[in-house]
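Undergrad: Next comes the structure file input.pdb, holding PDB, C-alpha atoms and all ligand atoms.
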```pdb
ATOM      1  CA  MET A  50      47.792  -4.865  65.800
ATOM      2  CA  LYS A  51      47.374  -8.414  64.593
ATOM      3  CA  GLU A  52      51.123  -8.952  64.418
ATOM      4  CA  HIS A  53      52.163 -10.057  67.886
ATOM      5  CA  ASN A  54      55.726 -11.050  67.015
ATOM      6  CA  LEU A  55      55.497 -14.494  68.497
ATOM      7  CA  SER A  56      59.039 -15.637  69.104
ATOM      8  CA  SER A  57      57.932 -19.166  69.762
ATOM      9  CA  ALA A  58      54.772 -21.166  69.208
ATOM     10  CA  GLN A  59      54.740 -21.694  72.960
ATOM     11  CA  ASP A  60      54.350 -18.001  73.825
ATOM     12  CA  PHE A  61      51.197 -16.462  75.221
ATOM     13  CA  ILE A  62      49.693 -13.073  74.484
ATOM     14  CA  LEU A  63      48.565 -10.859  77.356
ATOM     15  CA  LEU A  64      45.598  -8.892  76.067
ATOM     16  CA  GLY A  65      45.834  -6.301  78.856
ATOM     17  CA  ILE A  66      43.266  -4.711  81.088
ATOM     18  CA  SER A  67      40.814  -3.355  78.557
ATOM     19  CA  GLY A  68      42.331  -4.327  75.228
ATOM     20  CA  GLN A  69      41.942  -0.730  73.972
ATOM     21  CA  GLN A  70      45.146   1.198  73.384
ATOM     22  CA  GLU A  71      44.106   4.536  74.956
ATOM     23  CA  GLN A  72      42.852   2.835  78.097
ATOM     24  CA  GLU A  73      45.993   0.708  78.297
ATOM     25  CA  ASP A  74      47.997   3.951  78.229
ATOM     26  CA  ILE A  75      45.980   5.268  81.174
ATOM     27  CA  PHE A  76      46.508   2.036  83.127
ATOM     28  CA  PHE A  77      50.210   2.187  82.283
ATOM     29  CA  ILE A  78      50.494   5.656  83.825
ATOM     30  CA  LEU A  79      48.419   4.537  86.798
ATOM     31  CA  PHE A  80      50.676   1.508  87.386
ATOM     32  CA  LEU A  81      53.747   3.665  86.899
ATOM     33  CA  PHE A  82      52.539   5.548  89.970
ATOM     34  CA  ILE A  83      51.103   2.599  91.925
ATOM     35  CA  TYR A  84      54.123   0.289  91.717
ATOM     36  CA  PRO A  85      56.819   2.572  93.187
ATOM     37  CA  THR A  86      54.319   3.759  95.805
ATOM     38  CA  THR A  87      53.713   0.136  96.811
ATOM     39  CA  LEU A  88      57.425  -0.640  96.993
ATOM     40  CA  ILE A  89      58.357   2.488  98.949
ATOM     41  CA  GLY A  90      55.341   2.372 101.288
ATOM     42  CA  ASN A  91      55.858  -1.259 102.233
ATOM     43  CA  LEU A  92      59.637  -0.896 102.499
ATOM     44  CA  LEU A  93      59.197   2.075 104.867
ATOM     45  CA  ILE A  94      56.874  -0.008 107.047
ATOM     46  CA  ILE A  95      59.453  -2.804 107.294
ATOM     47  CA  LEU A  96      62.304  -0.366 108.034
ATOM     48  CA  ALA A  97      60.264   1.574 110.595
ATOM     49  CA  ILE A  98      59.266  -1.608 112.435
ATOM     50  CA  ARG A  99      62.789  -3.024 112.333
ATOM     51  CA  SER A 100      64.393   0.156 113.661
ATOM     52  CA  ASP A 101      61.960   0.984 116.466
ATOM     53  CA  SER A 102      62.111  -1.345 119.454
ATOM     54  CA  HIS A 103      58.666  -0.128 120.615
ATOM     55  CA  LEU A 104      57.254  -1.935 117.602
ATOM     56  CA  HIS A 105      58.892  -5.262 118.333
ATOM     57  CA  ASN A 106      55.686  -7.086 119.100
ATOM     58  CA  PRO A 107      53.509  -9.651 117.285
ATOM     59  CA  MET A 108      51.152  -7.131 115.681
ATOM     60  CA  TYR A 109      53.975  -5.256 113.977
ATOM     61  CA  PHE A 110      55.970  -8.364 113.098
ATOM     62  CA  LEU A 111      52.904  -9.637 111.274
ATOM     63  CA  LEU A 112      52.428  -6.258 109.591
ATOM     64  CA  ALA A 113      56.083  -6.269 108.441
ATOM     65  CA  ASN A 114      55.575  -9.742 107.054
ATOM     66  CA  LEU A 115      52.436  -8.620 105.221
ATOM     67  CA  SER A 116      54.426  -5.753 103.696
ATOM     68  CA  LEU A 117      57.129  -8.165 102.569
ATOM     69  CA  VAL A 118      54.570 -10.415 100.860
ATOM     70  CA  ASP A 119      52.904  -7.375  99.262
ATOM     71  CA  ILE A 120      56.222  -6.262  97.764
ATOM     72  CA  PHE A 121      56.718  -9.671  96.126
ATOM     73  CA  PHE A 122      53.045  -9.925  95.184
ATOM     74  CA  SER A 123      52.975  -6.723  93.162
ATOM     75  CA  SER A 124      56.423  -7.457  91.715
ATOM     76  CA  ALA A 125      55.154 -10.712  90.224
ATOM     77  CA  THR A 126      52.948  -8.954  87.673
ATOM     78  CA  ILE A 127      53.345  -5.181  87.460
ATOM     79  CA  PRO A 128      56.978  -4.927  86.199
ATOM     80  CA  LYS A 129      56.173  -7.321  83.348
ATOM     81  CA  MET A 130      53.096  -5.273  82.460
ATOM     82  CA  LEU A 131      55.126  -2.030  82.484
ATOM     83  CA  ALA A 132      57.985  -3.552  80.470
ATOM     84  CA  ASN A 133      55.635  -4.993  77.852
ATOM     85  CA  HIS A 134      53.905  -1.648  77.453
ATOM     86  CA  ILE A 135      57.212   0.178  76.964
ATOM     87  CA  LEU A 136      58.405  -2.438  74.462
ATOM     88  CA  CYS A 137      55.020  -2.407  72.664
ATOM     89  CA  SER A 138      54.846  -6.150  73.184
ATOM     90  CA  LYS A 139      52.135  -8.385  74.563
ATOM     91  CA  VAL A 140      54.190 -11.565  74.607
ATOM     92  CA  ILE A 141      54.999 -13.730  77.615
ATOM     93  CA  SER A 142      56.793 -17.063  77.332
ATOM     94  CA  PHE A 143      55.077 -20.259  78.421
ATOM     95  CA  GLU A 144      57.527 -20.692  81.315
ATOM     96  CA  GLY A 145      57.191 -17.033  82.265
ATOM     97  CA  CYS A 146      53.451 -17.377  82.238
ATOM     98  CA  LEU A 147      53.466 -20.413  84.554
ATOM     99  CA  THR A 148      56.044 -18.827  86.850
ATOM    100  CA  GLN A 149      53.925 -15.708  87.120
ATOM    101  CA  MET A 150      50.831 -17.784  87.871
ATOM    102  CA  CYS A 151      52.665 -19.791  90.522
ATOM    103  CA  PHE A 152      53.993 -16.668  92.268
ATOM    104  CA  MET A 153      50.572 -15.034  92.155
ATOM    105  CA  LEU A 154      48.867 -18.022  93.732
ATOM    106  CA  ALA A 155      51.560 -18.597  96.365
ATOM    107  CA  LEU A 156      51.827 -14.958  97.411
ATOM    108  CA  GLY A 157      48.084 -14.295  97.238
ATOM    109  CA  ASN A 158      47.419 -17.238  99.548
ATOM    110  CA  THR A 159      50.242 -16.292 101.924
ATOM    111  CA  ASP A 160      48.815 -12.773 102.061
ATOM    112  CA  SER A 161      45.417 -14.187 102.911
ATOM    113  CA  TYR A 162      46.759 -16.334 105.783
ATOM    114  CA  ILE A 163      48.825 -13.475 107.220
ATOM    115  CA  LEU A 164      45.710 -11.285 107.230
ATOM    116  CA  ALA A 165      44.014 -14.015 109.289
ATOM    117  CA  ALA A 166      46.977 -14.183 111.672
ATOM    118  CA  MET A 167      46.673 -10.421 112.139
ATOM    119  CA  ALA A 168      42.975 -10.701 112.957
ATOM    120  CA  TYR A 169      43.688 -13.523 115.413
ATOM    121  CA  ASP A 170      46.369 -11.373 117.043
ATOM    122  CA  ARG A 171      43.846  -8.524 117.547
ATOM    123  CA  ALA A 172      41.224 -10.922 118.900
ATOM    124  CA  VAL A 173      43.661 -12.264 121.497
ATOM    125  CA  ALA A 174      44.856  -8.748 122.408
ATOM    126  CA  ILE A 175      41.305  -7.568 123.017
ATOM    127  CA  SER A 176      39.468 -10.561 124.413
ATOM    128  CA  ARG A 177      42.323 -12.108 126.434
ATOM    129  CA  PRO A 178      44.690  -9.227 127.232
ATOM    130  CA  LEU A 179      46.159 -10.931 130.300
ATOM    131  CA  HIS A 180      47.208 -13.987 128.321
ATOM    132  CA  TYR A 181      48.318 -12.077 125.242
ATOM    133  CA  THR A 182      52.078 -12.438 125.732
ATOM    134  CA  THR A 183      51.854 -16.154 126.449
ATOM    135  CA  ILE A 184      49.507 -16.946 123.539
ATOM    136  CA  MET A 185      51.280 -14.745 120.999
ATOM    137  CA  SER A 186      54.756 -15.895 122.038
ATOM    138  CA  PRO A 187      57.669 -15.386 119.631
ATOM    139  CA  ARG A 188      57.377 -19.061 118.791
ATOM    140  CA  ALA A 189      53.674 -18.783 117.989
ATOM    141  CA  CYS A 190      54.401 -15.766 115.784
ATOM    142  CA  VAL A 191      57.057 -17.585 113.793
ATOM    143  CA  LEU A 192      54.698 -20.544 113.488
ATOM    144  CA  LEU A 193      51.900 -18.332 112.124
ATOM    145  CA  VAL A 194      54.216 -16.713 109.585
ATOM    146  CA  VAL A 195      55.907 -19.950 108.480
ATOM    147  CA  GLY A 196      52.512 -21.678 108.362
ATOM    148  CA  SER A 197      51.181 -18.936 106.085
ATOM    149  CA  TRP A 198      54.084 -19.401 103.677
ATOM    150  CA  VAL A 199      53.769 -23.203 103.697
ATOM    151  CA  ILE A 200      50.021 -23.178 103.033
ATOM    152  CA  GLY A 201      50.445 -20.417 100.442
ATOM    153  CA  ASN A 202      53.000 -22.447  98.511
ATOM    154  CA  SER A 203      51.052 -25.704  98.795
ATOM    155  CA  ASN A 204      48.058 -23.975  97.268
ATOM    156  CA  ALA A 205      50.159 -22.859  94.293
ATOM    157  CA  PHE A 206      52.418 -25.684  93.090
ATOM    158  CA  PRO A 207      49.718 -28.307  92.394
ATOM    159  CA  HIS A 208      47.702 -25.838  90.290
ATOM    160  CA  THR A 209      50.831 -24.813  88.394
ATOM    161  CA  LEU A 210      51.778 -28.434  87.646
ATOM    162  CA  LEU A 211      48.231 -29.253  86.541
ATOM    163  CA  THR A 212      48.175 -26.228  84.236
ATOM    164  CA  ALA A 213      51.648 -27.049  82.856
ATOM    165  CA  ASN A 214      50.330 -30.409  81.708
ATOM    166  CA  LEU A 215      47.457 -28.968  79.679
ATOM    167  CA  SER A 216      47.722 -28.527  75.954
ATOM    168  CA  PHE A 217      47.024 -25.185  74.349
ATOM    169  CA  CYS A 218      46.230 -25.701  70.696
ATOM    170  CA  GLY A 219      43.867 -22.843  69.879
ATOM    171  CA  SER A 220      44.056 -19.174  70.759
ATOM    172  CA  ARG A 221      46.908 -18.171  73.054
ATOM    173  CA  GLU A 222      45.408 -14.822  74.013
ATOM    174  CA  VAL A 223      45.128 -14.515  77.789
ATOM    175  CA  ALA A 224      42.233 -12.182  78.617
ATOM    176  CA  ASN A 225      44.147 -10.304  81.319
ATOM    177  CA  PHE A 226      47.360  -8.348  81.877
ATOM    178  CA  TYR A 227      49.005 -11.263  83.673
ATOM    179  CA  CYS A 228      48.737 -15.051  83.533
ATOM    180  CA  ASP A 229      45.691 -15.671  85.609
ATOM    181  CA  ILE A 230      44.744 -19.305  86.259
ATOM    182  CA  ALA A 231      41.104 -18.927  85.190
ATOM    183  CA  SER A 232      42.012 -17.197  81.919
ATOM    184  CA  LEU A 233      44.602 -19.898  81.161
ATOM    185  CA  LEU A 234      42.226 -22.788  81.855
ATOM    186  CA  LYS A 235      39.738 -21.206  79.507
ATOM    187  CA  LEU A 236      42.302 -21.285  76.677
ATOM    188  CA  SER A 237      43.163 -24.957  77.016
ATOM    189  CA  CYS A 238      41.855 -27.552  74.596
ATOM    190  CA  SER A 239      42.414 -30.398  77.093
ATOM    191  CA  ASP A 240      39.729 -31.719  79.395
ATOM    192  CA  ILE A 241      39.869 -29.208  82.232
ATOM    193  CA  GLN A 242      37.138 -30.592  84.496
ATOM    194  CA  PHE A 243      39.613 -31.764  87.134
ATOM    195  CA  ASN A 244      41.593 -28.513  86.915
ATOM    196  CA  VAL A 245      38.452 -26.474  87.448
ATOM    197  CA  LYS A 246      37.461 -28.573  90.471
ATOM    198  CA  MET A 247      40.948 -28.099  91.892
ATOM    199  CA  MET A 248      40.729 -24.390  91.221
ATOM    200  CA  TYR A 249      37.497 -24.100  93.208
ATOM    201  CA  LEU A 250      39.107 -26.156  95.983
ATOM    202  CA  GLY A 251      42.004 -23.699  95.836
ATOM    203  CA  VAL A 252      39.625 -20.765  96.195
ATOM    204  CA  GLY A 253      38.173 -22.595  99.200
ATOM    205  CA  VAL A 254      41.623 -22.947 100.800
ATOM    206  CA  PHE A 255      42.236 -19.286 100.039
ATOM    207  CA  SER A 256      38.964 -18.341 101.745
ATOM    208  CA  VAL A 257      39.460 -20.311 104.994
ATOM    209  CA  PRO A 258      41.293 -17.325 106.522
ATOM    210  CA  LEU A 259      38.225 -15.189 105.855
ATOM    211  CA  LEU A 260      36.288 -17.474 108.194
ATOM    212  CA  CYS A 261      38.998 -17.055 110.873
ATOM    213  CA  ILE A 262      38.861 -13.301 110.360
ATOM    214  CA  ILE A 263      35.079 -13.208 110.788
ATOM    215  CA  ILE A 264      35.260 -15.343 113.957
ATOM    216  CA  SER A 265      38.084 -13.176 115.326
ATOM    217  CA  TYR A 266      36.083 -10.018 114.748
ATOM    218  CA  ILE A 267      32.950 -11.460 116.332
ATOM    219  CA  ARG A 268      35.103 -12.048 119.437
ATOM    220  CA  VAL A 269      36.527  -8.557 119.207
ATOM    221  CA  PHE A 270      33.132  -6.889 118.877
ATOM    222  CA  SER A 271      31.499  -8.913 121.640
ATOM    223  CA  THR A 272      34.365  -8.025 124.000
ATOM    224  CA  VAL A 273      34.251  -4.348 123.096
ATOM    225  CA  LEU A 274      30.478  -4.255 123.609
ATOM    226  CA  LYS A 275      30.856  -5.835 127.057
ATOM    227  CA  VAL A 276      33.590  -3.470 128.290
ATOM    228  CA  PRO A 277      33.074  -0.387 126.187
ATOM    229  CA  SER A 278      35.332   2.197 127.740
ATOM    230  CA  THR A 279      38.610   0.591 128.785
ATOM    231  CA  LYS A 280      41.432   2.638 127.356
ATOM    232  CA  GLY A 281      43.524  -0.378 126.371
ATOM    233  CA  VAL A 282      40.607  -2.022 124.598
ATOM    234  CA  ARG A 283      39.780   1.148 122.714
ATOM    235  CA  LYS A 284      43.394   1.518 121.596
ATOM    236  CA  ALA A 285      43.528  -2.080 120.394
ATOM    237  CA  PHE A 286      40.172  -1.630 118.696
ATOM    238  CA  SER A 287      41.298   1.448 116.752
ATOM    239  CA  THR A 288      43.531  -0.721 114.552
ATOM    240  CA  CYS A 289      40.646  -3.066 113.722
ATOM    241  CA  GLY A 290      38.686  -0.712 111.495
ATOM    242  CA  SER A 291      41.619  -0.312 109.111
ATOM    243  CA  HIS A 292      42.223  -4.043 109.077
ATOM    244  CA  LEU A 293      38.581  -4.700 108.201
ATOM    245  CA  THR A 294      38.779  -2.237 105.283
ATOM    246  CA  VAL A 295      41.745  -4.060 103.737
ATOM    247  CA  VAL A 296      40.155  -7.448 104.316
ATOM    248  CA  SER A 297      36.817  -6.527 102.723
ATOM    249  CA  LEU A 298      38.505  -5.041  99.654
ATOM    250  CA  TYR A 299      40.784  -8.029  99.234
ATOM    251  CA  TYR A 300      38.343 -10.898  99.727
ATOM    252  CA  GLY A 301      35.450  -9.050  98.115
ATOM    253  CA  THR A 302      37.291  -8.694  94.811
ATOM    254  CA  VAL A 303      39.003 -12.112  94.821
ATOM    255  CA  MET A 304      35.823 -14.023  95.631
ATOM    256  CA  GLY A 305      33.775 -11.935  93.210
ATOM    257  CA  MET A 306      36.310 -12.962  90.585
ATOM    258  CA  TYR A 307      36.645 -16.699  91.229
ATOM    259  CA  PHE A 308      33.413 -17.957  92.779
ATOM    260  CA  ARG A 309      31.575 -18.307  89.481
ATOM    261  CA  PRO A 310      31.557 -20.444  86.354
ATOM    262  CA  LEU A 311      34.619 -20.357  84.138
ATOM    263  CA  THR A 312      32.549 -19.566  81.056
ATOM    264  CA  SER A 313      31.625 -16.156  82.442
ATOM    265  CA  TYR A 314      35.244 -14.920  82.474
ATOM    266  CA  SER A 315      36.125 -12.220  79.980
ATOM    267  CA  LEU A 316      38.503  -9.328  79.510
ATOM    268  CA  LYS A 317      36.075  -7.095  81.428
ATOM    269  CA  ASP A 318      37.141  -8.864  84.633
ATOM    270  CA  ALA A 319      40.745  -7.774  84.284
ATOM    271  CA  VAL A 320      39.747  -4.439  85.823
ATOM    272  CA  VAL A 321      38.545  -6.274  88.943
ATOM    273  CA  THR A 322      41.887  -8.063  89.275
ATOM    274  CA  VAL A 323      43.642  -4.669  89.290
ATOM    275  CA  MET A 324      41.947  -4.108  92.635
ATOM    276  CA  TYR A 325      43.588  -6.982  94.486
ATOM    277  CA  ILE A 326      46.805  -7.113  92.481
ATOM    278  CA  ALA A 327      47.722  -3.446  92.532
ATOM    279  CA  VAL A 328      45.423  -1.435  94.762
ATOM    280  CA  THR A 329      45.275  -3.418  98.039
ATOM    281  CA  PRO A 330      49.072  -3.994  98.276
ATOM    282  CA  MET A 331      49.513  -0.246  97.778
ATOM    283  CA  LEU A 332      46.849   0.703 100.313
ATOM    284  CA  ASN A 333      48.056  -1.629 103.092
ATOM    285  CA  PRO A 334      50.910   0.584 104.317
ATOM    286  CA  PHE A 335      48.710   3.683 104.284
ATOM    287  CA  ILE A 336      45.730   2.085 105.958
ATOM    288  CA  TYR A 337      47.846   0.542 108.701
ATOM    289  CA  SER A 338      50.073   3.499 109.434
ATOM    290  CA  LEU A 339      48.078   6.681 108.876
ATOM    291  CA  ARG A 340      45.679   6.017 111.722
ATOM    292  CA  ASN A 341      48.341   4.581 113.957
ATOM    293  CA  ARG A 342      50.264   6.922 116.251
ATOM    294  CA  ASP A 343      53.059   4.450 117.107
ATOM    295  CA  MET A 344      53.673   3.717 113.454
ATOM    296  CA  LYS A 345      53.787   7.415 112.580
ATOM    297  CA  ALA A 346      56.247   8.061 115.416
ATOM    298  CA  ALA A 347      58.449   5.220 114.163
ATOM    299  CA  LEU A 348      58.411   6.602 110.621
ATOM    300  CA  ARG A 349      59.282  10.076 111.865
ATOM    301  CA  LYS A 350      62.170   8.620 113.875
ATOM    302  CA  LEU A 351      63.359   6.687 110.832
ATOM    303  CA  PHE A 352      63.567   9.879 108.779
ATOM    304  CA  THR A 353      65.217  12.054 111.412
ATOM    305  CA  LYS A 354      67.788   9.344 112.096
ATOM    306  CA  ARG A 355      68.626   9.072 108.398
ATOM    307  CA  ILE A 356      68.886  12.815 107.977
ATOM    308  CA  SER A 357      71.088  13.395 111.040
ATOM    309  CA  SER A 358      73.478  10.532 110.270
TER     310      SER A 358
HETATM  311  C1  LIG B 401      58.087 -11.830 110.195
HETATM  312  O1  LIG B 401      57.699 -12.421 111.410
HETATM  313  C2  LIG B 401      58.734 -13.078 112.119
HETATM  314  C3  LIG B 401      58.118 -13.784 113.293
HETATM  315  O2  LIG B 401      57.476 -12.941 114.178
HETATM  316  C4  LIG B 401      59.782 -12.057 112.520
HETATM  317  O3  LIG B 401      60.821 -12.670 113.226
HETATM  318  C5  LIG B 401      60.328 -11.389 111.253
HETATM  319  O4  LIG B 401      61.229 -10.378 111.604
HETATM  320  C6  LIG B 401      59.178 -10.808 110.436
HETATM  321  N1  LIG B 401      59.679 -10.314 109.154
HETATM  322  C7  LIG B 401      59.872  -9.032 108.896
HETATM  323  C8  LIG B 401      60.270  -8.662 107.498
HETATM  324  O5  LIG B 401      59.746  -8.167 109.733
END
```
Now, as a test, write the supplied structure out as structure tokens.

TA:
Amino acid sequence: MKEHNLSSAQDFILLGISGQQEQEDIFFILFLFIYPTTLIGNLLIILAIRSDSHLHNPMYFLLANLSLVDIFFSSATIPKMLANHILCSKVISFEGCLTQMCFMLALGNTDSYILAAMAYDRAVAISRPLHYTTIMSPRACVLLVVGSWVIGNSNAFPHTLLTANLSFCGSREVANFYCDIASLLKLSCSDIQFNVKMMYLGVGVFSVPLLCIIISYIRVFSTVLKVPSTKGVRKAFSTCGSHLTVVSLYYGTVMGMYFRPLTSYSLKDAVVTVMYIAVTPMLNPFIYSLRNRDMKAALRKLFTKRISS
């Protein structure tokens, strides 16, 4: 167990989710199920939306974009975890570690901003239905999506560069199953005060969308309470409950993880990160499509078309 087969002094060791072999085996089997489900579920959403012209509207374009980000997001960590388990290795190279961290931060932030765009879209649909098509124009949609990617990436590169410049002279055991920024900072023997401040600022930037989501939903609820029984409003509102579930799971676990002092991080927290790294990207397609008649119709059409052709 002590022999980690370090191929280079620069390599890091990923301790895993619990650090105990039997539990790692259980997580391996769990991830072996979660990862393909995430890929297939999100891919089906994208294909269904692309192929059904009824779904060519802002809400579904944003959903397809969320699915795309989720596919990349889970691919940044889970395949490496699976491969390491199969190869009985815990090693990740220094460059691999930083790349993984950068992708995680960029995609996690992009995800967060797209969730906000989706909430904004619902707020406009419900509280200003007559202006919906002018406010959520194709241009505005592209702007929201591109903006999410730009902000997501800008909240990733600076942290990656800052971390790359740290020196790691002591233990190289990362207390997680992927290279998480907090776990890496904890390992450094450099002065990390500035890095930690930047990390909290980063969590702040990540959490701005949550504020937009809350404001959007206050608008939604106040509109629904004022005009309770319009059919259009009720239909638009039905998609909100599922959105709120995803949002609470996602922000609840991320903020629970990062809004606290660095010294309190330990391997126990790796289980919490499983929630937003593996579980929410897998749940998104199900939550958004199971309760949604249009989405189900599009999926059905997708399958019958494939089978008949
Ligand atoms: C993402 O959103 C843009 C803008 O609405 C849209 O043109 C594009 O098709 C979407 N991407 C996917 C994968 O559907």

Undergrad: Taking the file as shown, find all residues satisfying the PyMOL selection byres (((chain A and resi 63) around 7) and not hetatm) and write them as a ChimeraX atom specification.

TA: /A:61-62,64-65,139-140,222-227

Undergrad: Figure out the distance between CA of Ile95 in chain A and CA of Leu298 in chain A, please, to one decimal in Å.

TA: 22.4 Å

Undergrad: Can you pull out the residues contacting range 344-354 of chain A? Cut-off 10 Å, using only C-alpha atoms, and skip same-chain residues under 6 positions away; I want them as a PyMOL selection string.

TA: chain A and resi 93-94+96-104+109+337-338

Undergrad: Given the choices A:Met247, A:Val296, A:Leu274, A:Ala58, which gets closest to Leu332 in chain A if the distance is worked out from only C-alpha atoms?

TA: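 The closest residue to Leu332 in chain A is A:Val296.
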
Undergrad: Show me which residues sit within 9 Å of ligand LIG 401 (chain B) when counting all atoms listed in the file, and put them as a PDB file with C-alpha atoms, in the frame of the given file.

TA:
```pdb
ATOM      1  CA  ILE A  95      59.453  -2.804 107.294  1.00  0.00           C
ATOM      2  CA  LEU A  96      62.304  -0.366 108.034  1.00  0.00           C
ATOM      3  CA  ILE A  98      59.266  -1.608 112.435  1.00  0.00           C
ATOM      4  CA  ARG A  99      62.789  -3.024 112.333  1.00  0.00           C
ATOM      5  CA  HIS A 105      58.892  -5.262 118.333  1.00  0.00           C
ATOM      6  CA  ASN A 106      55.686  -7.086 119.100  1.00  0.00           C
ATOM      7  CA  PRO A 107      53.509  -9.651 117.285  1.00  0.00           C
ATOM      8  CA  MET A 108      51.152  -7.131 115.681  1.00  0.00           C
ATOM      9  CA  TYR A 109      53.975  -5.256 113.977  1.00  0.00           C
ATOM     10  CA  PHE A 110      55.970  -8.364 113.098  1.00  0.00           C
ATOM     11  CA  LEU A 111      52.904  -9.637 111.274  1.00  0.00           C
ATOM     12  CA  LEU A 112      52.428  -6.258 109.591  1.00  0.00           C
ATOM     13  CA  ALA A 113      56.083  -6.269 108.441  1.00  0.00           C
ATOM     14  CA  ASN A 114      55.575  -9.742 107.054  1.00  0.00           C
ATOM     15  CA  LEU A 115      52.436  -8.620 105.221  1.00  0.00           C
ATOM     16  CA  SER A 116      54.426  -5.753 103.696  1.00  0.00           C
ATOM     17  CA  LEU A 117      57.129  -8.165 102.569  1.00  0.00           C
ATOM     18  CA  VAL A 118      54.570 -10.415 100.860  1.00  0.00           C
ATOM     19  CA  SER A 186      54.756 -15.895 122.038  1.00  0.00           C
ATOM     20  CA  PRO A 187      57.669 -15.386 119.631  1.00  0.00           C
ATOM     21  CA  ARG A 188      57.377 -19.061 118.791  1.00  0.00           C
ATOM     22  CA  ALA A 189      53.674 -18.783 117.989  1.00  0.00           C
ATOM     23  CA  CYS A 190      54.401 -15.766 115.784  1.00  0.00           C
ATOM     24  CA  VAL A 191      57.057 -17.585 113.793  1.00  0.00           C
ATOM     25  CA  LEU A 192      54.698 -20.544 113.488  1.00  0.00           C
ATOM     26  CA  LEU A 193      51.900 -18.332 112.124  1.00  0.00           C
ATOM     27  CA  VAL A 194      54.216 -16.713 109.585  1.00  0.00           C
ATOM     28  CA  VAL A 195      55.907 -19.950 108.480  1.00  0.00           C
TER      29      VAL A 195
END
```

Undergrad: To test your reading of the syntax: which residues would the PyMOL selection byres (((chain A and resi 172) around 9) and not hetatm) return for the file shown? Reply as a ChimeraX atom specification.

TA: /A:167-171,173-177,264-269

Undergrad: Please measure the separation of CA of Asp343 in chain A and CA of Leu259 in chain A, giving the value in Å to one decimal.

TA: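 CA of Leu259 in chain A lies at a distance of 27.1 Å from CA of Asp343 in chain A.
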
Undergrad: Residues near Asn244 in chain A, anyone? I mean within 8 Å using all atoms listed in the file, not counting same-chain ones fewer than 5 positions away, as a PyMOL selection string.

TA: chain A and resi 208+211-212+234

Undergrad: Mind checking which residues fall within 9 Å of Met150 in chain A, counting all atoms listed in the file, ignoring those fewer than 4 positions away in the same chain, and posting them as a PyMOL selection string?

TA: chain A and resi 125+145-146+154-155+205+208-209+227-230

Undergrad: At what distance in Å, to one decimal, does CA of Arg309 in chain A lie from CA of Asn133 in chain A?

TA: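 So the answer is 29.9 Å.
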
Undergrad: Since the input is missing atoms, can you rebuild N, CA and C atoms for range 102-113 of chain A and write them as a PDB file, in the coordinates of the input?

TA:
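Everything below was put into out12.pdb:
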```pdb
ATOM      1  N   SER A 102      62.313  -0.199 118.557  1.00  0.00           N
ATOM      2  CA  SER A 102      62.111  -1.345 119.454  1.00  0.00           C
ATOM      3  C   SER A 102      60.720  -1.323 120.107  1.00  0.00           C
ATOM      4  N   HIS A 103      60.037  -0.161 120.089  1.00  0.00           N
ATOM      5  CA  HIS A 103      58.666  -0.128 120.615  1.00  0.00           C
ATOM      6  C   HIS A 103      57.735  -0.986 119.771  1.00  0.00           C
ATOM      7  N   LEU A 104      58.130  -1.205 118.528  1.00  0.00           N
ATOM      8  CA  LEU A 104      57.254  -1.935 117.602  1.00  0.00           C
ATOM      9  C   LEU A 104      57.669  -3.400 117.469  1.00  0.00           C
ATOM     10  N   HIS A 105      58.510  -3.856 118.403  1.00  0.00           N
ATOM     11  CA  HIS A 105      58.892  -5.262 118.333  1.00  0.00           C
ATOM     12  C   HIS A 105      57.888  -6.110 119.096  1.00  0.00           C
ATOM     13  N   ASN A 106      56.712  -6.226 118.519  1.00  0.00           N
ATOM     14  CA  ASN A 106      55.686  -7.086 119.100  1.00  0.00           C
ATOM     15  C   ASN A 106      54.931  -7.789 117.979  1.00  0.00           C
ATOM     16  N   PRO A 107      54.131  -8.819 118.330  1.00  0.00           N
ATOM     17  CA  PRO A 107      53.509  -9.651 117.285  1.00  0.00           C
ATOM     18  C   PRO A 107      52.749  -8.862 116.228  1.00  0.00           C
ATOM     19  N   MET A 108      51.962  -7.858 116.649  1.00  0.00           N
ATOM     20  CA  MET A 108      51.152  -7.131 115.681  1.00  0.00           C
ATOM     21  C   MET A 108      52.015  -6.532 114.578  1.00  0.00           C
ATOM     22  N   TYR A 109      53.135  -5.914 114.980  1.00  0.00           N
ATOM     23  CA  TYR A 109      53.975  -5.256 113.977  1.00  0.00           C
ATOM     24  C   TYR A 109      54.838  -6.245 113.209  1.00  0.00           C
ATOM     25  N   PHE A 110      55.238  -7.353 113.852  1.00  0.00           N
ATOM     26  CA  PHE A 110      55.970  -8.364 113.098  1.00  0.00           C
ATOM     27  C   PHE A 110      55.086  -8.910 111.979  1.00  0.00           C
ATOM     28  N   LEU A 111      53.819  -9.135 112.299  1.00  0.00           N
ATOM     29  CA  LEU A 111      52.904  -9.637 111.274  1.00  0.00           C
ATOM     30  C   LEU A 111      52.708  -8.596 110.178  1.00  0.00           C
ATOM     31  N   LEU A 112      52.582  -7.329 110.581  1.00  0.00           N
ATOM     32  CA  LEU A 112      52.428  -6.258 109.591  1.00  0.00           C
ATOM     33  C   LEU A 112      53.650  -6.186 108.674  1.00  0.00           C
ATOM     34  N   ALA A 113      54.863  -6.308 109.262  1.00  0.00           N
ATOM     35  CA  ALA A 113      56.083  -6.269 108.441  1.00  0.00           C
ATOM     36  C   ALA A 113      56.097  -7.443 107.468  1.00  0.00           C
TER      37      ALA A 113
END
```
